[in-house]
>>> print(open('my_file_14.cif').read())   # mmCIF, C-alpha atoms
data_input
#
loop_
_atom_site.group_PDB
_atom_site.id
_atom_site.type_symbol
_atom_site.label_atom_id
_atom_site.label_comp_id
_atom_site.auth_asym_id
_atom_site.auth_seq_id
_atom_site.Cartn_x
_atom_site.Cartn_y
_atom_site.Cartn_z
ATOM 1 C CA MET A 8 35.020 8.029 -2.552
ATOM 2 C CA LYS A 9 31.740 8.027 -0.584
ATOM 3 C CA TYR A 10 28.497 8.058 -2.551
ATOM 4 C CA GLN A 11 25.427 10.000 -1.458
ATOM 5 C CA PHE A 12 22.204 8.152 -2.232
ATOM 6 C CA ALA A 13 18.865 9.871 -2.747
ATOM 7 C CA PHE A 14 17.121 7.552 -0.266
ATOM 8 C CA SER A 15 18.278 6.709 3.201
ATOM 9 C CA ARG A 16 17.623 3.504 5.107
ATOM 10 C CA ILE A 17 14.492 4.961 6.717
ATOM 11 C CA ASN A 18 13.046 5.730 3.264
ATOM 12 C CA PHE A 19 13.379 2.098 2.237
ATOM 13 C CA ILE A 20 11.793 0.918 5.482
ATOM 14 C CA LEU A 21 8.866 3.307 4.990
ATOM 15 C CA LEU A 22 8.511 2.166 1.372
ATOM 16 C CA ALA A 23 8.379 -1.465 2.488
ATOM 17 C CA ILE A 24 5.677 -0.649 5.052
ATOM 18 C CA GLY A 25 3.679 1.215 2.398
ATOM 19 C CA MET A 26 3.945 -1.696 -0.028
ATOM 20 C CA ALA A 27 2.799 -4.101 2.690
ATOM 21 C CA ILE A 28 -0.268 -1.910 3.311
ATOM 22 C CA VAL A 29 -1.072 -1.824 -0.422
ATOM 23 C CA ILE A 30 -0.708 -5.604 -0.701
ATOM 24 C CA LEU A 31 -2.961 -6.019 2.336
ATOM 25 C CA GLY A 32 -5.568 -3.802 0.655
ATOM 26 C CA PHE A 33 -5.502 -5.895 -2.511
ATOM 27 C CA ILE A 34 -5.782 -9.099 -0.483
ATOM 28 C CA LEU A 35 -8.804 -7.660 1.312
ATOM 29 C CA MET A 36 -10.350 -6.754 -2.065
ATOM 30 C CA SER A 37 -10.044 -10.254 -3.418
ATOM 31 C CA GLY A 38 -12.931 -12.590 -2.975
ATOM 32 C CA GLU A 39 -14.448 -15.700 -4.391
ATOM 33 C CA GLY A 40 -16.333 -13.776 -7.018
ATOM 34 C CA SER A 41 -19.199 -14.904 -9.168
ATOM 35 C CA GLY A 42 -19.231 -17.275 -12.070
ATOM 36 C CA GLU A 43 -21.352 -17.678 -15.159
ATOM 37 C CA THR A 44 -23.865 -19.852 -13.377
ATOM 38 C CA THR A 45 -23.421 -18.742 -9.760
ATOM 39 C CA PHE A 46 -23.830 -15.433 -7.985
ATOM 40 C CA ASN A 47 -21.972 -14.685 -4.764
ATOM 41 C CA PRO A 48 -23.464 -11.677 -2.927
ATOM 42 C CA ALA A 49 -20.589 -11.737 -0.412
ATOM 43 C CA ILE A 50 -18.411 -9.753 -2.833
ATOM 44 C CA PHE A 51 -20.620 -6.713 -2.203
ATOM 45 C CA ASP A 52 -20.049 -6.496 1.548
ATOM 46 C CA THR A 53 -18.505 -3.496 3.285
ATOM 47 C CA LEU A 54 -15.041 -5.058 3.525
ATOM 48 C CA HIS A 55 -14.644 -5.511 -0.232
ATOM 49 C CA ILE A 56 -16.365 -2.291 -1.331
ATOM 50 C CA LYS A 57 -15.314 0.335 1.242
ATOM 51 C CA VAL A 58 -12.593 -0.815 3.624
ATOM 52 C CA ALA A 59 -10.181 -2.494 1.197
ATOM 53 C CA PRO A 60 -9.961 0.426 -1.296
ATOM 54 C CA LEU A 61 -9.462 2.803 1.626
ATOM 55 C CA VAL A 62 -6.616 0.648 2.993
ATOM 56 C CA THR A 63 -5.048 0.579 -0.477
ATOM 57 C CA LEU A 64 -5.335 4.371 -0.818
ATOM 58 C CA VAL A 65 -3.705 4.854 2.587
ATOM 59 C CA GLY A 66 -0.890 2.554 1.461
ATOM 60 C CA TYR A 67 -0.292 4.585 -1.690
ATOM 61 C CA LEU A 68 -0.307 7.839 0.282
ATOM 62 C CA PHE A 69 2.172 6.291 2.715
ATOM 63 C CA ILE A 70 4.440 5.378 -0.214
ATOM 64 C CA ILE A 71 4.320 8.981 -1.457
ATOM 65 C CA TYR A 72 5.214 10.160 2.035
ATOM 66 C CA ALA A 73 8.100 7.665 2.163
ATOM 67 C CA ILE A 74 9.473 8.990 -1.119
ATOM 68 C CA LEU A 75 9.251 12.622 -0.017
ATOM 69 C CA PHE A 76 10.538 12.005 3.530
ATOM 70 C CA LYS A 77 13.858 13.667 4.289
ATOM 71 C CA LYS A 78 15.638 13.201 7.592
ATOM 72 C CA LYS A 79 16.337 16.458 9.414
ATOM 73 C CA ALA A 80 20.017 17.266 9.810
#
>>> encode(input="my_file_14.cif", output="structure tokens")
Amino acid sequence: MKYQFAFSRINFILLAIGMAIVILGFILMSGEGSGETTFNPAIFDTLHIKVAPLVTLVGYLFIIYAILFKKKA
């Protein structure tokens, strides 16, 4: 008996790409940070504030697309 899965191989590949984009966005968001006695103004640069959340959002949208993707017959 042959089983029919909800996701095909291409769906899993697209999901993996989307997860890699999300992980990249979170890595870009991380920084040294500030402590109790020190202040690091580098955490407020454009990369951490604008680019990284946008990359993460694109990754999440790509994951939604990967879930909804259906190969044409």
>>> residues_around(input="my_file_14.cif", residues="Ala13 of chain A", least_positions_apart="6", cutoff="12 Å", atoms="all atoms listed in the file", output="NGL selection string")
:A and (19 or 74-78)
>>> residues_near_point(input="my_file_14.cif", point="(-4.9, -5.0, 1.0)", cutoff="10 Å", atoms="all atoms listed in the file", output="PDB file with C-alpha atoms, in the coordinates of the input")
ATOM      1  CA  MET A  26       3.945  -1.696  -0.028  1.00  0.00           C
ATOM      2  CA  ALA A  27       2.799  -4.101   2.690  1.00  0.00           C
ATOM      3  CA  ILE A  28      -0.268  -1.910   3.311  1.00  0.00           C
ATOM      4  CA  VAL A  29      -1.072  -1.824  -0.422  1.00  0.00           C
ATOM      5  CA  ILE A  30      -0.708  -5.604  -0.701  1.00  0.00           C
ATOM      6  CA  LEU A  31      -2.961  -6.019   2.336  1.00  0.00           C
ATOM      7  CA  GLY A  32      -5.568  -3.802   0.655  1.00  0.00           C
ATOM      8  CA  PHE A  33      -5.502  -5.895  -2.511  1.00  0.00           C
ATOM      9  CA  ILE A  34      -5.782  -9.099  -0.483  1.00  0.00           C
ATOM     10  CA  LEU A  35      -8.804  -7.660   1.312  1.00  0.00           C
ATOM     11  CA  MET A  36     -10.350  -6.754  -2.065  1.00  0.00           C
ATOM     12  CA  SER A  37     -10.044 -10.254  -3.418  1.00  0.00           C
ATOM     13  CA  HIS A  55     -14.644  -5.511  -0.232  1.00  0.00           C
ATOM     14  CA  VAL A  58     -12.593  -0.815   3.624  1.00  0.00           C
ATOM     15  CA  ALA A  59     -10.181  -2.494   1.197  1.00  0.00           C
ATOM     16  CA  PRO A  60      -9.961   0.426  -1.296  1.00  0.00           C
ATOM     17  CA  LEU A  61      -9.462   2.803   1.626  1.00  0.00           C
ATOM     18  CA  VAL A  62      -6.616   0.648   2.993  1.00  0.00           C
ATOM     19  CA  THR A  63      -5.048   0.579  -0.477  1.00  0.00           C
ATOM     20  CA  LEU A  64      -5.335   4.371  -0.818  1.00  0.00           C
ATOM     21  CA  GLY A  66      -0.890   2.554   1.461  1.00  0.00           C
TER      22      GLY A  66
END
>>> atom_distance(input="my_file_14.cif", atom1="atom CA of Ala23 of chain A", atom2="atom CA of Glu39 of chain A")
27.8 Å
>>> atom_distance(input="my_file_14.cif", atom1="atom CA of Ser15 of chain A", atom2="atom CA of Phe69 of chain A")
16.1 Å
>>> closest_residue(input="my_file_14.cif", among="A:Ala49, A:Tyr10, A:Leu21, A:Arg16", to="Ala73 of chain A", atoms="all atoms listed in the file")
A:Leu21
>>> closest_residue(input="my_file_14.cif", among="A:Ile56, A:Gly38, A:Thr44, A:Ile24", to="Ile71 of chain A", atoms="only C-alpha atoms")
A:Ile24
>>> atom_distance(input="my_file_14.cif", atom1="atom CA of Gln11 of chain A", atom2="atom CA of Ile70 of chain A")
21.5 Å
>>> closest_residue(input="my_file_14.cif", among="A:Gly40, A:Phe12, A:Gly25, A:Lys57", to="Tyr72 of chain A", atoms="all atoms listed in the file")
A:Gly25
>>> decode(input="my_file_14.cif", residues="segment 55-72 of chain A", atoms="N, CA, C and O atoms", output="mmCIF file, in the first residue's frame")
data_model
loop_
_atom_site.group_PDB
_atom_site.id
_atom_site.type_symbol
_atom_site.label_atom_id
_atom_site.label_comp_id
_atom_site.auth_asym_id
_atom_site.auth_seq_id
_atom_site.Cartn_x
_atom_site.Cartn_y
_atom_site.Cartn_z
ATOM 1 N N HIS A 55 21.197 45.791 12.969
ATOM 2 C CA HIS A 55 20.457 45.154 14.066
ATOM 3 C C HIS A 55 19.005 45.623 14.144
ATOM 4 O O HIS A 55 18.133 44.859 14.559
ATOM 5 N N ILE A 56 18.737 46.863 13.766
ATOM 6 C CA ILE A 56 17.407 47.440 13.959
ATOM 7 C C ILE A 56 16.499 47.253 12.747
ATOM 8 O O ILE A 56 15.297 47.031 12.899
ATOM 9 N N LYS A 57 17.034 47.340 11.532
ATOM 10 C CA LYS A 57 16.185 47.311 10.338
ATOM 11 C C LYS A 57 16.387 46.082 9.464
ATOM 12 O O LYS A 57 15.422 45.449 9.039
ATOM 13 N N VAL A 58 17.628 45.741 9.173
ATOM 14 C CA VAL A 58 17.893 44.674 8.207
ATOM 15 C C VAL A 58 17.567 43.297 8.784
ATOM 16 O O VAL A 58 16.893 42.485 8.136
ATOM 17 N N ALA A 59 18.028 43.023 9.988
ATOM 18 C CA ALA A 59 17.832 41.691 10.577
ATOM 19 C C ALA A 59 16.356 41.341 10.787
ATOM 20 O O ALA A 59 15.939 40.226 10.441
ATOM 21 N N PRO A 60 15.514 42.240 11.324
ATOM 22 C CA PRO A 60 14.085 41.878 11.425
ATOM 23 C C PRO A 60 13.434 41.673 10.055
ATOM 24 O O PRO A 60 12.559 40.819 9.916
ATOM 25 N N LEU A 61 13.878 42.437 9.060
ATOM 26 C CA LEU A 61 13.329 42.262 7.721
ATOM 27 C C LEU A 61 13.717 40.902 7.140
ATOM 28 O O LEU A 61 12.893 40.219 6.535
ATOM 29 N N VAL A 62 14.961 40.487 7.355
ATOM 30 C CA VAL A 62 15.409 39.164 6.896
ATOM 31 C C VAL A 62 14.610 38.069 7.599
ATOM 32 O O VAL A 62 14.173 37.091 6.972
ATOM 33 N N THR A 63 14.373 38.238 8.890
ATOM 34 C CA THR A 63 13.587 37.252 9.640
ATOM 35 C C THR A 63 12.151 37.183 9.128
ATOM 36 O O THR A 63 11.594 36.092 8.962
ATOM 37 N N LEU A 64 11.544 38.336 8.860
ATOM 38 C CA LEU A 64 10.180 38.366 8.325
ATOM 39 C C LEU A 64 10.109 37.679 6.966
ATOM 40 O O LEU A 64 9.178 36.904 6.708
ATOM 41 N N VAL A 65 11.086 37.933 6.116
ATOM 42 C CA VAL A 65 11.122 37.274 4.803
ATOM 43 C C VAL A 65 11.243 35.760 4.979
ATOM 44 O O VAL A 65 10.598 34.991 4.260
ATOM 45 N N GLY A 66 12.026 35.330 5.962
ATOM 46 C CA GLY A 66 12.153 33.899 6.228
ATOM 47 C C GLY A 66 10.834 33.274 6.659
ATOM 48 O O GLY A 66 10.468 32.188 6.193
ATOM 49 N N TYR A 67 10.108 33.964 7.535
ATOM 50 C CA TYR A 67 8.809 33.444 7.965
ATOM 51 C C TYR A 67 7.802 33.410 6.808
ATOM 52 O O TYR A 67 7.027 32.453 6.676
ATOM 53 N N LEU A 68 7.811 34.427 5.972
ATOM 54 C CA LEU A 68 6.921 34.424 4.810
ATOM 55 C C LEU A 68 7.298 33.302 3.839
ATOM 56 O O LEU A 68 6.417 32.678 3.232
ATOM 57 N N PHE A 69 8.582 33.035 3.710
ATOM 58 C CA PHE A 69 9.035 31.936 2.859
ATOM 59 C C PHE A 69 8.578 30.589 3.410
ATOM 60 O O PHE A 69 8.218 29.685 2.658
ATOM 61 N N ILE A 70 8.573 30.453 4.735
ATOM 62 C CA ILE A 70 8.094 29.213 5.360
ATOM 63 C C ILE A 70 6.600 29.028 5.088
ATOM 64 O O ILE A 70 6.147 27.922 4.773
ATOM 65 N N ILE A 71 5.834 30.116 5.188
ATOM 66 C CA ILE A 71 4.398 30.023 4.884
ATOM 67 C C ILE A 71 4.193 29.618 3.430
ATOM 68 O O ILE A 71 3.343 28.770 3.118
ATOM 69 N N TYR A 72 4.978 30.196 2.534
ATOM 70 C CA TYR A 72 4.890 29.812 1.129
ATOM 71 C C TYR A 72 5.242 28.333 0.942
ATOM 72 O O TYR A 72 4.594 27.628 0.163
#
